[in-house]
file data-v6.cif (mmCIF, C-alpha atoms)
data_entry
#
loop_
_atom_site.label_atom_id
_atom_site.label_comp_id
_atom_site.auth_asym_id
_atom_site.auth_seq_id
_atom_site.Cartn_x
_atom_site.Cartn_y
_atom_site.Cartn_z
CA MET A 28 22.74 13.68 34.67
CA SER A 29 23.59 15.49 31.42
CA ASP A 30 22.22 18.89 30.55
CA ILE A 31 19.92 17.59 27.80
CA THR A 32 18.61 14.75 29.99
CA SER A 33 17.64 17.18 32.68
CA LYS A 34 15.99 19.52 30.14
CA ILE A 35 13.91 16.68 28.69
CA LEU A 36 12.82 15.41 32.10
CA LYS A 37 11.92 18.94 33.20
CA LYS A 38 9.90 19.49 30.02
CA ILE A 39 7.99 16.23 30.54
CA LYS A 40 7.17 17.28 34.08
CA ALA A 41 6.39 20.94 33.32
CA GLN A 42 4.14 20.20 30.34
CA GLU A 43 2.57 17.21 32.12
CA ILE A 44 3.34 15.00 29.13
CA GLU A 45 1.95 11.52 29.66
CA LYS A 46 2.50 8.11 28.17
CA ILE A 47 -0.21 7.21 25.66
CA PRO A 48 -2.14 4.28 27.20
CA ARG A 49 -1.58 0.83 25.70
CA TRP A 50 -5.26 0.35 24.81
CA ARG A 51 -5.01 3.17 22.23
CA PHE A 52 -2.22 1.38 20.38
CA VAL A 53 -4.16 -1.89 20.57
CA LEU A 54 -7.26 -0.14 19.19
CA LYS A 55 -5.22 1.36 16.36
CA ARG A 56 -3.85 -2.09 15.46
CA VAL A 57 -7.33 -3.64 15.58
CA PHE A 58 -8.60 -0.85 13.31
CA ILE A 59 -5.77 -1.34 10.78
CA TRP A 60 -6.27 -5.14 10.73
CA GLY A 61 -10.05 -4.75 10.56
CA ALA A 62 -9.77 -2.36 7.61
CA LEU A 63 -7.46 -4.85 5.90
CA VAL A 64 -9.91 -7.73 6.33
CA VAL A 65 -12.86 -5.61 5.15
CA ALA A 66 -10.88 -4.38 2.10
CA ILE A 67 -9.93 -7.95 1.14
CA LEU A 68 -13.55 -9.12 1.52
CA LEU A 69 -14.79 -6.22 -0.61
CA ALA A 70 -12.11 -6.96 -3.21
CA ALA A 71 -13.27 -10.60 -3.17
CA PHE A 72 -16.82 -9.40 -3.77
CA ALA A 73 -15.65 -7.20 -6.68
CA ILE A 74 -13.84 -10.22 -8.13
CA SER A 75 -16.99 -12.35 -7.79
CA MET A 76 -18.93 -9.66 -9.70
CA MET A 77 -16.26 -9.70 -12.43
CA MET A 78 -16.46 -13.50 -12.54
CA MET A 79 -20.22 -13.38 -12.97
CA GLN A 80 -20.08 -10.72 -15.68
CA MET A 81 -17.35 -12.53 -17.62
CA MET A 82 -19.11 -15.91 -17.27
CA ASP A 83 -22.22 -14.24 -18.62
CA VAL A 84 -20.57 -13.32 -21.91
CA GLU A 85 -21.94 -15.23 -24.91
CA TRP A 86 -18.54 -16.16 -26.27
CA ASP A 87 -20.02 -18.12 -29.18
CA LEU A 88 -21.99 -15.07 -30.30
CA LEU A 89 -19.08 -12.64 -30.02
CA PRO A 90 -17.92 -13.10 -33.65
CA LYS A 91 -21.54 -12.51 -34.76
CA VAL A 92 -22.01 -9.20 -32.97
CA SER A 93 -18.48 -7.89 -33.34
CA PRO A 94 -16.64 -8.17 -36.67
CA MET A 95 -13.39 -7.77 -34.70
CA PRO A 96 -13.90 -10.05 -31.64
CA VAL A 97 -10.85 -8.51 -29.89
CA PHE A 98 -12.55 -5.10 -29.83
CA GLY A 99 -15.78 -6.78 -28.73
CA PHE A 100 -13.88 -8.40 -25.88
CA PHE A 101 -12.55 -5.02 -24.70
CA LYS A 102 -16.10 -3.69 -24.60
CA LEU A 103 -17.12 -6.57 -22.33
CA ILE A 104 -14.41 -6.12 -19.68
CA PRO A 105 -16.15 -5.24 -16.37
CA TYR A 106 -14.29 -1.93 -15.97
CA PHE A 107 -16.37 -0.71 -13.04
CA TRP A 108 -15.49 -3.70 -10.85
CA LEU A 109 -11.94 -3.68 -12.14
CA VAL A 110 -11.52 -0.08 -10.89
CA VAL A 111 -13.20 -0.96 -7.57
CA ALA A 112 -10.85 -3.93 -7.11
CA GLY A 113 -7.84 -1.79 -8.08
CA VAL A 114 -8.70 0.85 -5.48
CA LEU A 115 -9.21 -1.84 -2.82
CA PHE A 116 -5.92 -3.59 -3.58
CA SER A 117 -4.09 -0.24 -3.40
CA PHE A 118 -5.70 0.29 -0.01
CA VAL A 119 -4.68 -3.22 1.10
CA TYR A 120 -1.09 -2.49 0.03
CA PHE A 121 -0.82 0.76 1.99
CA ASP A 122 -2.75 -0.59 4.98
CA PHE A 123 -0.51 -3.67 5.17
CA LYS A 124 2.59 -1.45 5.14
CA ASN A 125 1.20 0.14 8.34
CA ILE A 126 0.88 -3.18 10.13
CA LYS A 127 3.76 -3.92 12.49
CA GLY A 128 6.48 -5.50 10.37
CA GLY A 129 4.38 -5.09 7.21
CA TYR A 130 7.11 -3.06 5.54
CA ARG A 131 9.36 -6.12 5.62
CA TYR A 132 7.36 -7.70 2.81
CA ALA A 133 7.82 -6.73 -0.83
CA GLY A 134 4.90 -4.89 -2.44
CA VAL A 135 4.55 -7.57 -5.15
CA LEU A 136 4.19 -10.27 -2.49
CA ILE A 137 1.53 -8.28 -0.57
CA ILE A 138 -0.50 -7.73 -3.75
CA ALA A 139 -0.03 -11.34 -4.92
CA VAL A 140 -1.16 -12.85 -1.59
CA SER A 141 -4.13 -10.50 -1.20
CA LEU A 142 -5.11 -11.21 -4.82
CA LEU A 143 -4.93 -14.96 -4.20
CA ILE A 144 -7.05 -14.72 -1.02
CA SER A 145 -9.57 -12.47 -2.81
CA LEU A 146 -9.74 -14.88 -5.75
CA LEU A 147 -10.46 -17.84 -3.45
CA VAL A 148 -13.04 -15.97 -1.37
CA GLY A 149 -14.43 -14.38 -4.55
CA ALA A 150 -14.91 -17.84 -6.10
CA CYS A 151 -16.85 -18.95 -2.98
CA ILE A 152 -19.04 -15.83 -3.17
CA TYR A 153 -19.59 -16.50 -6.88
CA PHE A 154 -20.73 -20.09 -6.29
CA LEU A 155 -23.13 -18.89 -3.59
CA LYS A 156 -24.78 -16.82 -6.38
CA THR A 157 -24.43 -13.67 -4.27
CA PRO A 158 -23.28 -11.61 -7.29
CA GLU A 159 -26.55 -12.33 -9.10
CA TYR A 160 -28.62 -10.86 -6.26
CA ALA A 161 -26.21 -7.97 -5.84
CA GLU A 162 -26.24 -7.22 -9.58
CA ASN A 163 -30.03 -7.09 -9.46
CA LEU A 164 -29.83 -4.50 -6.66
CA PHE A 165 -27.05 -2.46 -8.26
CA ARG A 166 -29.00 -2.16 -11.51
CA ARG A 167 -31.53 -0.06 -9.63
CA VAL A 168 -28.85 2.63 -9.34
CA PRO A 169 -29.16 4.78 -12.51
CA MET A 170 -25.41 5.18 -13.13
CA TYR A 171 -24.72 1.48 -12.71
CA ARG A 172 -27.68 0.64 -14.93
CA GLU A 173 -26.23 2.83 -17.67
CA LEU A 174 -22.96 0.92 -17.51
CA HIS A 175 -24.89 -2.35 -17.66
CA MET A 176 -26.91 -1.14 -20.65
CA GLY A 177 -23.69 -0.20 -22.42
CA ARG A 178 -22.45 -3.79 -22.06
CA GLU A 179 -25.80 -5.31 -22.97
CA MET A 180 -25.99 -3.20 -26.13
CA MET A 181 -23.29 -5.54 -27.45
CA TRP A 182 -25.93 -8.28 -27.68
CA ASN A 183 -28.44 -6.08 -29.46
CA ALA A 184 -27.65 -6.57 -33.15
CA PRO A 185 -30.86 -7.76 -34.86
CA THR A 186 -29.34 -7.70 -38.37
CA SER A 187 -26.65 -10.09 -37.07
CA GLY A 188 -29.30 -12.35 -35.55
CA VAL A 189 -29.03 -11.36 -31.90
CA LEU A 190 -31.52 -9.34 -29.88
CA ALA A 191 -31.32 -8.25 -26.25
CA GLY A 192 -33.89 -6.50 -24.11
CA THR A 193 -36.69 -6.71 -21.55
CA VAL A 194 -39.81 -8.87 -21.93
CA LEU A 195 -42.86 -6.59 -21.95
CA ASP A 196 -45.54 -9.18 -22.53
CA MET A 197 -45.96 -12.88 -23.33
CA ASP A 198 -48.46 -15.05 -25.12
CA GLU A 199 -48.47 -18.65 -23.86
CA GLU A 200 -44.82 -19.20 -24.62
CA LYS A 201 -45.38 -18.78 -28.36
CA MET A 202 -44.87 -15.09 -28.81
CA LEU A 203 -43.42 -12.33 -26.71
CA ILE A 204 -43.09 -8.59 -26.91
CA LEU A 205 -39.58 -7.37 -26.24
CA ARG A 206 -38.20 -3.86 -25.81
CA ASP A 207 -34.56 -3.96 -26.87
CA PHE A 208 -31.80 -1.86 -25.29
CA GLY A 209 -32.11 0.59 -28.15
CA GLU A 210 -35.74 1.19 -27.00
CA ASP A 211 -37.23 -0.50 -30.12
CA VAL A 212 -40.15 -2.88 -29.55
CA TRP A 213 -40.14 -6.33 -31.19
CA VAL A 214 -42.60 -9.17 -31.61
CA VAL A 215 -40.59 -12.34 -31.14
CA ASP A 216 -41.77 -15.76 -32.24
CA ILE A 217 -40.51 -18.16 -29.55
CA SER A 218 -42.59 -21.19 -30.54
CA ARG A 219 -39.53 -23.21 -31.61
CA ALA A 220 -36.94 -21.57 -29.36
CA ASP A 221 -34.67 -23.52 -27.01
CA VAL A 222 -34.67 -21.81 -23.66
CA GLN A 223 -31.33 -21.93 -21.88
CA SER A 224 -31.30 -24.37 -18.93
CA GLY A 225 -35.11 -24.61 -19.16
CA ALA A 226 -35.47 -21.20 -17.47
CA LYS A 227 -39.02 -19.92 -17.22
CA ILE A 228 -39.42 -16.71 -19.20
CA MET A 229 -41.45 -14.06 -17.41
CA VAL A 230 -42.53 -10.50 -17.99
CA GLY A 231 -39.87 -8.05 -16.80
CA MET A 232 -36.97 -10.43 -17.46
CA GLU A 233 -33.94 -9.36 -19.43
CA ILE A 234 -33.18 -11.91 -22.16
CA ARG A 235 -30.96 -12.43 -25.17
CA VAL A 236 -32.53 -13.93 -28.26
CA VAL A 237 -30.63 -15.71 -31.03
CA GLY A 238 -32.39 -16.13 -34.37
CA LYS A 239 -33.16 -13.91 -37.32
CA GLU A 240 -35.00 -10.73 -38.15
CA ILE A 241 -38.02 -11.59 -40.31
CA GLU A 242 -39.05 -8.01 -40.99
CA PRO A 243 -38.65 -4.71 -39.13
CA GLY A 244 -40.10 -5.24 -35.66
CA LYS A 245 -40.45 -9.02 -36.04
CA PHE A 246 -37.90 -11.60 -34.97
CA PHE A 247 -37.81 -15.39 -35.06
CA ALA A 248 -36.08 -16.97 -32.09
CA ASP A 249 -33.97 -20.14 -32.30
CA ALA A 250 -32.67 -19.82 -28.76
CA ILE A 251 -33.30 -17.72 -25.68
CA ARG A 252 -30.60 -17.09 -23.15
CA VAL A 253 -31.15 -15.60 -19.73
CA PRO A 254 -28.28 -13.45 -18.48
CA ARG A 255 -27.53 -13.63 -14.79
CA GLY A 256 -28.21 -10.86 -12.38
CA GLY A 257 -31.25 -9.47 -14.11
CA PRO A 258 -34.74 -9.24 -12.66
CA ARG A 259 -36.27 -12.72 -12.61
CA PHE A 260 -39.80 -11.47 -12.24
CA ARG A 261 -41.74 -8.35 -11.52
CA MET B 20 19.54 -1.00 44.11
CA ILE B 21 19.25 -2.00 40.47
CA ASP B 22 22.38 -1.49 38.37
CA VAL B 23 20.80 -0.02 35.26
CA ARG B 24 24.03 -0.24 33.25
CA LEU B 25 23.59 -4.01 33.17
CA LYS B 26 20.01 -3.82 32.03
CA THR B 27 19.11 -4.40 28.38
CA ASP B 28 17.13 -1.79 26.46
CA GLN B 29 14.01 -3.95 26.72
CA GLU B 30 14.41 -4.23 30.49
CA LEU B 31 14.90 -0.48 30.79
CA VAL B 32 11.70 0.14 28.82
CA ALA B 33 9.82 -2.28 31.08
CA LEU B 34 11.19 -0.49 34.15
CA SER B 35 10.37 2.95 32.69
CA LEU B 36 6.80 1.86 32.08
CA LYS B 37 6.49 1.09 35.79
CA ASP B 38 8.54 4.01 37.10
CA ASP B 39 9.37 7.23 35.22
CA LYS B 40 12.70 7.60 36.97
CA TYR B 41 14.22 4.90 34.75
CA PHE B 42 13.46 6.89 31.61
CA GLU B 43 16.46 9.06 32.45
CA PHE B 44 18.77 6.09 31.81
CA ILE B 45 17.31 5.49 28.37
CA ILE B 46 18.04 9.12 27.47
CA GLU B 47 21.58 8.87 28.78
CA ARG B 48 22.22 5.63 26.92
CA TYR B 49 21.12 7.02 23.55
CA GLU B 50 21.75 10.76 23.76
CA GLN B 51 25.31 10.68 22.36
CA LYS B 52 24.59 8.02 19.73
CA LEU B 53 21.57 9.89 18.37
CA SER B 54 23.34 13.23 18.50
CA ARG B 55 26.15 11.81 16.32
CA TYR B 56 23.60 10.21 13.99
CA VAL B 57 21.77 13.51 13.53
CA LEU B 58 25.02 15.34 12.76
CA ARG B 59 26.05 12.70 10.25
CA ILE B 60 22.77 13.09 8.42
CA TYR B 61 22.53 16.85 8.71
CA SER B 62 25.05 19.11 10.36
CA LEU B 63 22.76 21.19 12.52
CA CYS B 64 23.81 23.74 15.11
CA LYS B 65 24.01 22.63 18.75
CA GLU B 66 20.63 24.16 19.62
CA SER B 67 18.89 22.44 16.70
CA VAL B 68 20.41 19.08 17.61
CA GLU B 69 19.09 19.58 21.13
CA ASP B 70 15.66 20.45 19.77
CA VAL B 71 15.64 17.30 17.64
CA LEU B 72 16.77 15.14 20.56
CA GLN B 73 14.19 16.66 22.87
CA GLU B 74 11.45 15.93 20.36
CA VAL B 75 12.75 12.38 19.86
CA PHE B 76 12.84 11.54 23.57
CA ILE B 77 9.47 13.13 24.26
CA LYS B 78 7.91 11.13 21.41
CA LEU B 79 9.65 8.06 22.79
CA TYR B 80 8.26 8.73 26.25
CA GLN B 81 4.73 9.21 24.94
CA ASN B 82 4.89 6.04 22.84
CA LEU B 83 6.63 3.75 25.33
CA ASN B 84 3.52 1.57 25.57
CA ASP B 85 3.75 0.90 21.84
CA PHE B 86 7.15 -0.74 22.10
CA ASP B 87 7.05 -4.35 21.01
CA ASP B 88 9.92 -6.31 22.55
CA GLN B 89 9.97 -8.63 19.53
CA TYR B 90 11.70 -5.76 17.75
CA SER B 91 15.00 -4.07 18.55
CA PHE B 92 14.65 -1.01 20.78
CA SER B 93 17.63 0.58 19.06
CA SER B 94 15.93 0.31 15.64
CA TRP B 95 12.78 1.77 17.15
CA ILE B 96 14.48 4.83 18.63
CA TYR B 97 16.41 5.37 15.38
CA ARG B 98 13.09 5.16 13.54
CA ILE B 99 11.64 7.91 15.74
CA THR B 100 14.77 10.00 15.17
CA HIS B 101 14.49 9.42 11.41
CA ASN B 102 10.88 10.67 11.45
CA VAL B 103 11.71 13.75 13.53
CA LEU B 104 14.71 14.51 11.29
CA ILE B 105 12.67 14.13 8.10
CA SER B 106 10.17 16.72 9.32
CA HIS B 107 13.07 19.06 10.26
CA LEU B 108 14.70 18.60 6.85
CA ARG B 109 11.40 19.34 5.11
CA LYS B 110 11.14 22.62 6.98
CA MET B 111 14.71 23.61 6.02
CA ASP B 112 14.32 22.82 2.30
CA GLN B 113 17.98 23.15 1.24
CA LYS B 114 19.56 21.54 -1.81
CA HIS B 115 22.99 20.93 -0.34
CA VAL B 116 23.48 20.15 3.29
CA LEU B 117 26.50 20.09 5.55
CA VAL B 118 27.45 16.72 6.94
CA SER B 119 29.83 16.01 9.76
CA ILE B 120 31.97 12.87 9.46
CA ASP B 121 33.71 12.10 12.72
CA ASN B 122 35.11 8.67 12.00
CA ASP B 123 37.98 8.28 9.53
CA ASP B 124 37.88 4.48 9.60
CA SER B 125 34.20 4.39 8.64
CA ALA B 126 34.85 6.97 5.94
CA ARG B 127 37.60 4.82 4.43
CA LYS B 128 35.43 1.71 4.70
CA LEU B 129 32.67 3.50 2.80
CA VAL B 130 34.98 4.80 0.10
CA ASP B 131 36.57 1.36 -0.30
CA SER B 132 33.15 -0.17 -0.87
CA LEU B 133 32.35 2.15 -3.79
CA PRO B 134 32.44 0.52 -7.20
CA ALA B 135 35.14 2.65 -8.86
CA ASP B 136 37.56 2.13 -11.72
CA VAL B 137 40.18 4.03 -9.79
CA ASP B 138 41.28 3.74 -6.16
CA LEU B 139 39.46 6.72 -4.71
CA GLU B 140 41.36 6.49 -1.47
CA GLU B 141 44.63 6.93 -3.35
CA GLU B 142 43.17 9.73 -5.43
CA PHE B 143 42.54 11.89 -2.38
CA GLU B 144 44.95 12.89 0.31
CA ARG B 145 44.08 11.36 3.67
CA LYS B 146 42.72 14.67 4.97
CA ASP B 147 40.95 15.47 1.70
CA LEU B 148 39.17 12.15 1.73
CA VAL B 149 37.03 13.04 4.75
CA VAL B 150 36.42 16.61 3.52
CA ASN B 151 35.42 15.42 0.06
CA LEU B 152 33.29 12.65 1.48
CA GLU B 153 31.45 15.16 3.68
CA LYS B 154 30.86 17.37 0.64
CA ALA B 155 29.74 14.45 -1.53
CA LEU B 156 27.42 13.09 1.17
CA GLY B 157 25.93 16.56 1.53
CA LYS B 158 25.14 16.67 -2.17
CA ILE B 159 23.34 13.33 -2.54
CA PRO B 160 19.62 13.02 -1.68
CA ASP B 161 18.73 12.52 2.00
CA LYS B 162 17.45 8.95 1.50
CA TYR B 163 20.80 7.86 0.02
CA ARG B 164 22.88 9.69 2.62
CA GLU B 165 20.87 8.16 5.43
CA VAL B 166 21.24 4.57 4.28
CA LEU B 167 25.03 5.01 3.92
CA VAL B 168 25.33 6.67 7.33
CA LEU B 169 23.28 3.95 8.98
CA TYR B 170 25.36 1.15 7.50
CA TYR B 171 28.89 2.56 7.55
CA PHE B 172 28.84 4.98 10.48
CA GLU B 173 26.08 3.69 12.76
CA GLU B 174 27.08 0.11 11.89
CA LYS B 175 23.51 -1.08 11.54
CA SER B 176 22.74 -4.33 9.76
CA TYR B 177 20.49 -4.42 6.67
CA LYS B 178 17.71 -5.86 8.84
CA GLU B 179 18.02 -3.01 11.33
CA ILE B 180 18.07 -0.46 8.47
CA SER B 181 14.95 -2.15 7.10
CA ASP B 182 13.26 -1.59 10.49
CA ILE B 183 14.48 2.01 10.78
CA LEU B 184 13.51 3.07 7.26
CA ARG B 185 10.45 0.78 7.10
CA ARG B 186 11.50 -0.77 3.83
CA SER B 187 11.87 -4.39 2.79
CA LEU B 188 15.37 -5.91 2.80
CA GLY B 189 15.36 -5.97 -1.00
CA SER B 190 14.48 -2.31 -1.13
CA VAL B 191 17.27 -1.44 1.36
CA SER B 192 19.73 -3.33 -0.79
CA VAL B 193 18.62 -1.46 -3.94
CA LEU B 194 18.80 1.85 -2.06
CA MET B 195 22.31 1.04 -0.86
CA ASN B 196 23.57 0.29 -4.37
CA ARG B 197 22.04 3.46 -5.77
CA ALA B 198 23.44 5.48 -2.87
CA LYS B 199 26.95 4.16 -3.53
CA ALA B 200 26.67 4.93 -7.24
CA LYS B 201 25.49 8.50 -6.48
CA LEU B 202 28.24 9.03 -3.94
CA LYS B 203 30.86 7.73 -6.35
CA THR B 204 29.67 10.13 -9.07
CA GLU B 205 29.91 13.06 -6.66
CA LEU B 206 33.35 12.04 -5.44
CA MET B 207 34.68 11.58 -8.98
CA SER B 208 33.39 15.03 -9.93
CA PHE B 209 35.63 16.59 -7.24
CA ASN B 210 38.63 14.89 -8.75
CA GLN B 211 38.09 16.22 -12.26
#

call {"tool": "encode", "arguments": {"input": "data-v6.cif", "output": "structure tokens"}}
result
Amino acid sequence: MSDITSKILKKIKAQEIEKIPRWRFVLKRVFIWGALVVAILLAAFAISMMMMQMMDVEWDLLPKVSPMPVFGFFKLIPYFWLVVAGVLFSFVYFDFKNIKGGYRYAGVLIIAVSLLISLLVGACIYFLKTPEYAENLFRRVPMYRELHMGREMMWNAPTSGVLAGTVLDMDEEKMLILRDFGEDVWVVDISRADVQSGAKIMVGMEIRVVGKEIEPGKFFADAIRVPRGGPRFR
Amino acid sequence: MIDVRLKTDQELVALSLKDDKYFEFIIERYEQKLSRYVLRIYSLCKESVEDVLQEVFIKLYQNLNDFDDQYSFSSWIYRITHNVLISHLRKMDQKHVLVSIDNDDSARKLVDSLPADVDLEEEFERKDLVVNLEKALGKIPDKYREVLVLYYFEEKSYKEISDILRRSLGSVSVLMNRAKAKLKTELMSFNQ
């Protein structure tokens, strides 16, 4: 037995060093895999929220409310969920590198595969309408609501024929009182308005109205659109 | 009586997990190899090499249950050594390190592989070649030195290096090319 071998064996014995039990390594692996699955599911959820917010954009009205539609488009990008997804994908990348053999895969491949899985799962979540319910809940958080208002302000351009806000009161589907996102109150004539997908307009709903401003505080509606994720009723 | 010399690394690990007395044979099998590896990466004094090896084998002993026999045991123990060495190098924080090259054939093989306009081997005297190579290796960053040492002196394959350094094969290949270019620059500077 060499000198160093004997020193090591003596040290193990003297310091009562023990082998770490197998179950601790198994637990660590389960934790790493679990965190990976949770991160991919959360990223899928973030993607479904982005899908909902981008599908909710009134593309046909964009040239109306933004003289330079490209700038308007940049205002509508769901930055919050984009950042959330970015953080989660970074986590997935580093977590995957810690999985046994994970380092053998190129970073681009790890991100591409996790993105593809998240897109597929995210699409399923989107079609289950989960983002609409979640959006409704998130809007109760003041900071998130501010971000939402910032995006919705895009659709509040009465001089350009678009109004966006919350229904305060209604009169037998002929007239409604609307507080826009700039806190101005409007009387909107909806007697000849087409309501998107036949949705029932109710007090407390957030809507977008297309038409024209008759006079300050009065608006004539040609069409009413109901963005997703808002409160359906109060 | 089991003849442990005929046992594979995997079998020795399995035996060590059942009975500590077999761990001794793992140490004896790898002690010299790892000692040479450490000196090729960083020429430490005898006591420091012993310290590094002690830490490596104790970590190995503690983590024996984590060994997955789908992977090479040799790559695993080199990985542990790499980690222990990295933490030692961090503590030392020196710009230029001393490297000990103990194999002339490997040194020539490495120099021959460098993309150079001139024949570097002819440029240096036989004795100078090893001295200059040691100096040049000592000047290049640790990550480059390590990949060259693993391939040319430890004779590890790219796949094994990928397991030791925990990098993809593509990344090992990029690292190797950069390491050769750095080493060539250092060697050429000695000749000017």

call {"tool": "resolve_selection", "arguments": {"input": "data-v6.cif", "expression": "the PyMOL selection byres ((chain B) within 12 of (chain A))", "output": "ChimeraX atom specification"}}
result
/B:35-51,54,65-66,68-87,89-91,95,177-191

call {"tool": "closest_residue", "arguments": {"input": "data-v6.cif", "among": "B:Leu148, B:Val193, B:Val103, B:Val166", "to": "Lys128 (chain B)", "atoms": "all atoms listed in the file"}}
result
B:Leu148

call {"tool": "resolve_selection", "arguments": {"input": "data-v6.cif", "expression": "the PyMOL selection byres ((chain B and resi 151-163) around 9)", "output": "PyMOL selection string"}}
result
chain B and resi 59-61+105+108+114-120+126+130+143+146-150+164-168+194-195+197-199+201-206+209

call {"tool": "residues_around", "arguments": {"input": "data-v6.cif", "residues": "region 166-180 of chain A", "least_positions_apart": "5", "cutoff": "7 Å", "atoms": "only C-alpha atoms", "output": "ChimeraX atom specification"}}
result
/A:102-103,208

call {"tool": "resolve_selection", "arguments": {"input": "data-v6.cif", "expression": "the PyMOL selection byres ((chain A and resi 106) around 12)", "output": "MDAnalysis selection string"}}
result
chainID A and resid 73:74 76:77 80:81 100:105 107:113 171 174:175 177:178

call {"tool": "atom_distance", "arguments": {"input": "data-v6.cif", "atom1": "CA of Ile152 (chain A)", "atom2": "CA of Ala66 (chain A)"}}
result
15.0 Å

call {"tool": "atom_distance", "arguments": {"input": "data-v6.cif", "atom1": "CA of Met181 (chain A)", "atom2": "CA of Leu89 (chain A)"}}
result
8.6 Å

call {"tool": "atom_distance", "arguments": {"input": "data-v6.cif", "atom1": "CA of Lys245 (chain A)", "atom2": "CA of Trp182 (chain A)"}}
result
16.8 Å

call {"tool": "closest_residue", "arguments": {"input": "data-v6.cif", "among": "A:Val84, A:Val57, A:Val189, A:Leu155", "to": "Phe247 (chain A)", "atoms": "all atoms listed in the file"}}
result
A:Val189
